[in-house]
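Student: I have a structure I would like to understand better, so I am pasting it below and will then ask my questions one at a time.
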Amino acid sequence: MKKVFILDTNVLLHDPQAMLKFEDNDVVIPITVIEEIDTFKKDLSEIGRNARQVSRLLDSFRASAHLIDGVTLEGGGKLQVVLYTEPAMKRLPPELRSDRGDNRILAVAMQMKDDCQCPVIFVTKDTNLRIKADAVGLTAQDYESDKVAIEELYPGTAEVQVGREEVDRFYGQGYLDIEGDFFPNQYVTLADAGNPSHTAIGRYHKTLGRIVPLIRAPKEGLWGINPRNREQQFAFDLLLNDDIQLVTLVGKAGTGKTLLAIAAGLAKSADEASFSRLLVSRPIFPLGRDLGFLPGDVGEKLAPWMQPIFDNVELLLGMVDERGKRKRGYKELVDMGLLEIEALTYIRGRSIPKQFMIVDEAQNLTPHEIKTIITRAGEGTKIVLTGDPYQIDNPYVDSSSNGLTYTVEKFKGQDIAGHITLFRGERSPLAELAANLL
């Protein structure tokens with residue numbers, strides 16, 4: 001039996017293509033949703049762009065039929081815009097009969113439920129509105145086409161029990177042919193079944209079908225940074241491997257995600273010249289927010305948002321040498337053209353070739369915004385996405401629907417991508433305790 005899905009405004013602002021993703025079922029958009037979409041059309045943010053895309057898509061459907069009568073979609077379902085009526089409002093309890101947009105959308109959903117002899121499902125990303133819908137007897141659910149259960153997020157690692165001979169062979173010949181269901185660039189710990197302390201670590205090379213050794217950081221570290229645990233060793237291998245063009249690093253505060261990425265980026269661009277420059281950015285929340293209200297030029301406007309990046313670069317550079325003299329700061333690297341700090345606001349339409357690009361706090365981006373960023377990568381560019389899915393400031397995404405976890409899940413089977421989840425905090429004992437307790 002066909003179902004009828006009624007979409008809330010926030011679903012379309014989150015994913016303009018949402019109306020096309022319900023297979024052969026019918027999709028209903030209340031007229032109130034169109035009115036609310038209209039209020040965002042002049043916004044310069046990603047939400048505004050999504051609003052305009054929704055409007056253009058709906059307008060294109062008018063060529064084949066009246067939206068009020070319903071337009072047949074490619075999947076076999078029907079898309080219909082439904083008008084709000086006063087009798088529909090009377091289907092709600094007295095407490096919900098105020099002339100609010102949410103209540104008018106609920107009234108349309110109740111009307112569809114009463115008039116249609118089929119399952120009617122109200123789809124919204126608004127938690128409170130799902131609660132109200134449930135209270136009036138509607139079936140309500142979140143928009144889940146791009147959700148990834150955070151508890152089931154691909155960690156990027158695996159442990160395999162082998163015999164002592166296999167561990168020794170890996171050390172002796174520098175690789176180990178292995179059979180198993182591994183993802184490309186998944187990190188494998190080979191554990192001796194008879195001696196738990198006898199282990200080896202490597203990366204699964206899908207083309208060769210074998211475990212290969214990690215790329216090790218030099219003894220002096222990368223700009224003074226050495227990996228402090230196994231996960232950070234895995235992260236360095238991803239960051240230093242030019243064949244892996246997309247790296248995702250997920251972890252709580254203090255696990256070293258950003259610091260490791262910047263250290264590797266400086267080493268690959270400033271020292272090895274494998275990339276023309278290190279480009280570091282982070283979302284100025286919300287993505288695309290007008291920076292004009294801050295005084296000064298673009299650099300001064302960005303400074304408060306980019307200060308965490310500056311702090312990490314200054315830490316790597318070291319502000320005082322062994323003789324007590326101040327070393328150069330990040331501004332000198334910027335002046336030399338080796339480092340660029342930029343807001344994601346201005347990335348749309350660009351092509352970024354041969355750069356080591358880091359997007360920090362990527363958990364605050366939607367899947368569509370992540371797609372916009374990754375598709376900017378030109379020839380020879382490496383993109384590193386870092387973030388903590390449990391620290392999200394964007395009200396339109398959560399730990400399961402943000403662009404970072406979505407990218408991890410979508411790219412886990414690709415040869416040019418790699419992922420590591422970092423669990424152990426290394427910033428300080430206090431920071432680690434706070435991350436675990438608070």
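By convention here, the chains of the structure tokens are called A, B, ... in the order presented, each chain's residues are numbered starting at 1, and ligands are numbered starting at 1 in the order presented.
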Need to verify the contact set: Leu79 (chain A), 7 Å, only C-alpha atoms, exclusion of same-chain residues closer than 3 positions in sequence. Can you return it as a list of chain:residue names?

Tutor: A:Asp26, A:Val27, A:Val28, A:Gly70, A:Val71, A:Thr72, A:Leu73

Student: Show which residues sit within 10 Å of Arg49 (chain A), as number ranges by chain. Count only C-alpha atoms, and ignore same-chain residues fewer than 5 positions away.

Tutor: A: 13, 16, 40-44, 54-55, 288

Student: Output all heavy atoms for every residue in that selection, as an mmCIF file, in the first residue's frame.

Tutor:
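Heads up, here's the output in selection33.cif:
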data_model
loop_
_atom_site.group_PDB
_atom_site.id
_atom_site.type_symbol
_atom_site.label_atom_id
_atom_site.label_comp_id
_atom_site.auth_asym_id
_atom_site.auth_seq_id
_atom_site.Cartn_x
_atom_site.Cartn_y
_atom_site.Cartn_z
ATOM 1 N N LEU A 13 14.555 22.550 3.795
ATOM 2 C CA LEU A 13 15.707 23.432 3.991
ATOM 3 C C LEU A 13 16.968 22.628 4.252
ATOM 4 O O LEU A 13 18.073 23.064 3.936
ATOM 5 C CB LEU A 13 15.446 24.395 5.150
ATOM 6 C CG LEU A 13 14.376 25.460 4.915
ATOM 7 C CD1 LEU A 13 14.170 26.293 6.177
ATOM 8 C CD2 LEU A 13 14.742 26.362 3.737
ATOM 9 N N PRO A 16 17.043 19.973 -0.192
ATOM 10 C CA PRO A 16 16.087 20.426 -1.214
ATOM 11 C C PRO A 16 15.558 19.305 -2.091
ATOM 12 O O PRO A 16 14.486 19.435 -2.691
ATOM 13 C CB PRO A 16 16.905 21.421 -2.045
ATOM 14 C CG PRO A 16 18.033 21.833 -1.164
ATOM 15 C CD PRO A 16 18.343 20.647 -0.311
ATOM 16 N N PHE A 40 12.889 32.607 3.448
ATOM 17 C CA PHE A 40 14.334 32.362 3.441
ATOM 18 C C PHE A 40 14.988 32.643 2.098
ATOM 19 O O PHE A 40 16.206 32.558 1.981
ATOM 20 C CB PHE A 40 14.620 30.900 3.818
ATOM 21 C CG PHE A 40 14.313 30.557 5.246
ATOM 22 C CD1 PHE A 40 13.109 29.958 5.589
ATOM 23 C CD2 PHE A 40 15.237 30.822 6.248
ATOM 24 C CE1 PHE A 40 12.833 29.628 6.900
ATOM 25 C CE2 PHE A 40 14.966 30.502 7.561
ATOM 26 C CZ PHE A 40 13.757 29.901 7.899
ATOM 27 N N LYS A 41 14.207 32.986 1.081
ATOM 28 C CA LYS A 41 14.729 33.012 -0.280
ATOM 29 C C LYS A 41 15.814 34.066 -0.501
ATOM 30 O O LYS A 41 16.653 33.921 -1.393
ATOM 31 C CB LYS A 41 13.596 33.208 -1.280
ATOM 32 C CG LYS A 41 12.926 34.574 -1.205
ATOM 33 C CD LYS A 41 11.777 34.678 -2.181
ATOM 34 C CE LYS A 41 11.110 36.048 -2.116
ATOM 35 N NZ LYS A 41 9.959 36.134 -3.032
ATOM 36 N N LYS A 42 15.817 35.141 0.291
ATOM 37 C CA LYS A 42 16.821 36.186 0.119
ATOM 38 C C LYS A 42 18.010 36.024 1.050
ATOM 39 O O LYS A 42 18.938 36.829 1.022
ATOM 40 C CB LYS A 42 16.181 37.565 0.332
ATOM 41 C CG LYS A 42 15.144 37.922 -0.726
ATOM 42 C CD LYS A 42 14.593 39.320 -0.518
ATOM 43 C CE LYS A 42 13.580 39.665 -1.604
ATOM 44 N NZ LYS A 42 13.021 41.041 -1.412
ATOM 45 N N ASP A 43 17.968 34.980 1.860
ATOM 46 C CA ASP A 43 19.065 34.728 2.792
ATOM 47 C C ASP A 43 20.311 34.324 2.010
ATOM 48 O O ASP A 43 20.232 33.545 1.063
ATOM 49 C CB ASP A 43 18.649 33.622 3.764
ATOM 50 C CG ASP A 43 19.496 33.607 5.025
ATOM 51 O OD1 ASP A 43 20.727 33.448 4.884
ATOM 52 O OD2 ASP A 43 18.930 33.738 6.116
ATOM 53 N N LEU A 44 21.476 34.837 2.405
ATOM 54 C CA LEU A 44 22.712 34.533 1.692
ATOM 55 C C LEU A 44 23.398 33.277 2.202
ATOM 56 O O LEU A 44 24.435 32.879 1.686
ATOM 57 C CB LEU A 44 23.675 35.729 1.805
ATOM 58 C CG LEU A 44 23.186 37.038 1.189
ATOM 59 C CD1 LEU A 44 24.222 38.134 1.397
ATOM 60 C CD2 LEU A 44 22.880 36.858 -0.293
ATOM 61 N N VAL A 54 14.544 24.746 -3.662
ATOM 62 C CA VAL A 54 13.219 24.139 -3.488
ATOM 63 C C VAL A 54 12.205 24.855 -4.369
ATOM 64 O O VAL A 54 11.389 24.220 -5.063
ATOM 65 C CB VAL A 54 12.787 24.198 -2.011
ATOM 66 C CG1 VAL A 54 11.320 23.802 -1.863
ATOM 67 C CG2 VAL A 54 13.655 23.277 -1.162
ATOM 68 N N SER A 55 12.249 26.183 -4.368
ATOM 69 C CA SER A 55 11.297 26.963 -5.168
ATOM 70 C C SER A 55 11.459 26.669 -6.654
ATOM 71 O O SER A 55 10.467 26.506 -7.379
ATOM 72 C CB SER A 55 11.484 28.454 -4.900
ATOM 73 O OG SER A 55 11.240 28.757 -3.533
ATOM 74 N N GLY A 288 27.874 30.674 5.825
ATOM 75 C CA GLY A 288 27.411 31.761 4.982
ATOM 76 C C GLY A 288 26.930 32.966 5.746
ATOM 77 O O GLY A 288 26.450 33.918 5.145
#

Student: Just how far from CA of Tyr187 (chain A) is CA of Asp237 (chain A), in Å to one decimal?

Tutor: 9.8 Å

Student: Pick out the closest residue to Leu153 (chain A) from this set: A:Lys410, A:Arg130, A:Arg376, A:Lys331. Count only C-alpha atoms.

Tutor: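 The shortest atom-to-atom distance to Leu153 (chain A) comes from A:Lys410.
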
Student: Going by DSSP on the backbone, which bits of region 80-136 of chain A are helix (DSSP H, G or I)? Write them as a VMD selection string, please.

Tutor: chain A and resid 86 to 89 94 to 96 101 to 115 127 to 135

Student: If I take CA of Cys118 (chain A) and CA of Leu58 (chain A), how far is one from the other in Å, to one decimal?

Tutor: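 Those two atoms sit 24.6 Å apart.
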
Student: Which residues, written as number ranges by chain, have at least one atom at most 7 Å from Gly403 (chain A), with only C-alpha atoms counted and residues fewer than 2 positions away on the same chain left out?

Tutor: A: 362-363, 365-367, 370, 401, 405-407

Student: Go ahead and dump the residues you just picked, N, CA and C atoms, as a compact mmCIF listing (two decimals), in the first residue's frame.

Tutor:
# COMPACT_ATOMS: atom_id res chain seq x y z
N ALA A 362 33.81 20.08 11.03
CA ALA A 362 32.95 19.68 9.91
C ALA A 362 31.63 19.09 10.35
N GLN A 363 31.50 18.77 11.64
CA GLN A 363 30.23 18.21 12.13
C GLN A 363 29.10 19.24 12.09
N LEU A 365 28.36 20.97 9.49
CA LEU A 365 27.94 21.10 8.10
C LEU A 365 26.90 20.05 7.75
N THR A 366 26.02 20.39 6.85
CA THR A 366 25.05 19.42 6.35
C THR A 366 25.69 18.56 5.27
N PRO A 367 25.11 17.42 4.93
CA PRO A 367 25.65 16.61 3.83
C PRO A 367 25.76 17.40 2.53
N ILE A 370 28.84 19.63 2.74
CA ILE A 370 30.05 18.83 2.56
C ILE A 370 30.27 18.50 1.09
N SER A 401 22.99 13.02 11.53
CA SER A 401 22.65 13.54 10.19
C SER A 401 23.62 14.61 9.70
N THR A 405 29.72 12.65 9.55
CA THR A 405 29.43 11.22 9.67
C THR A 405 28.85 10.67 8.37
N TYR A 406 28.10 11.49 7.65
CA TYR A 406 27.54 11.09 6.37
C TYR A 406 28.67 10.76 5.38
N THR A 407 29.71 11.60 5.38
CA THR A 407 30.85 11.38 4.48
C THR A 407 31.62 10.13 4.86

Student: What's the 12 Å shell around Asn402 (chain A), counting only C-alpha atoms, without same-chain residues fewer than 6 positions away, as a PyMOL selection string?

Tutor: chain A and resi 14-15+144-150+361-371+387-396+408-409

Student: From the list A:Ala417, A:Ile105, A:Met89, A:Val167, which residue is nearest Asp243 (chain A) when using only C-alpha atoms?

Tutor: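 Of all the options, A:Ala417 lies closest to Asp243 (chain A).
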
Student: Rounded to one decimal in Å, what is the spacing between CA of Ala261 (chain A) and CA of Gly349 (chain A)?

Tutor: 24.9 Å
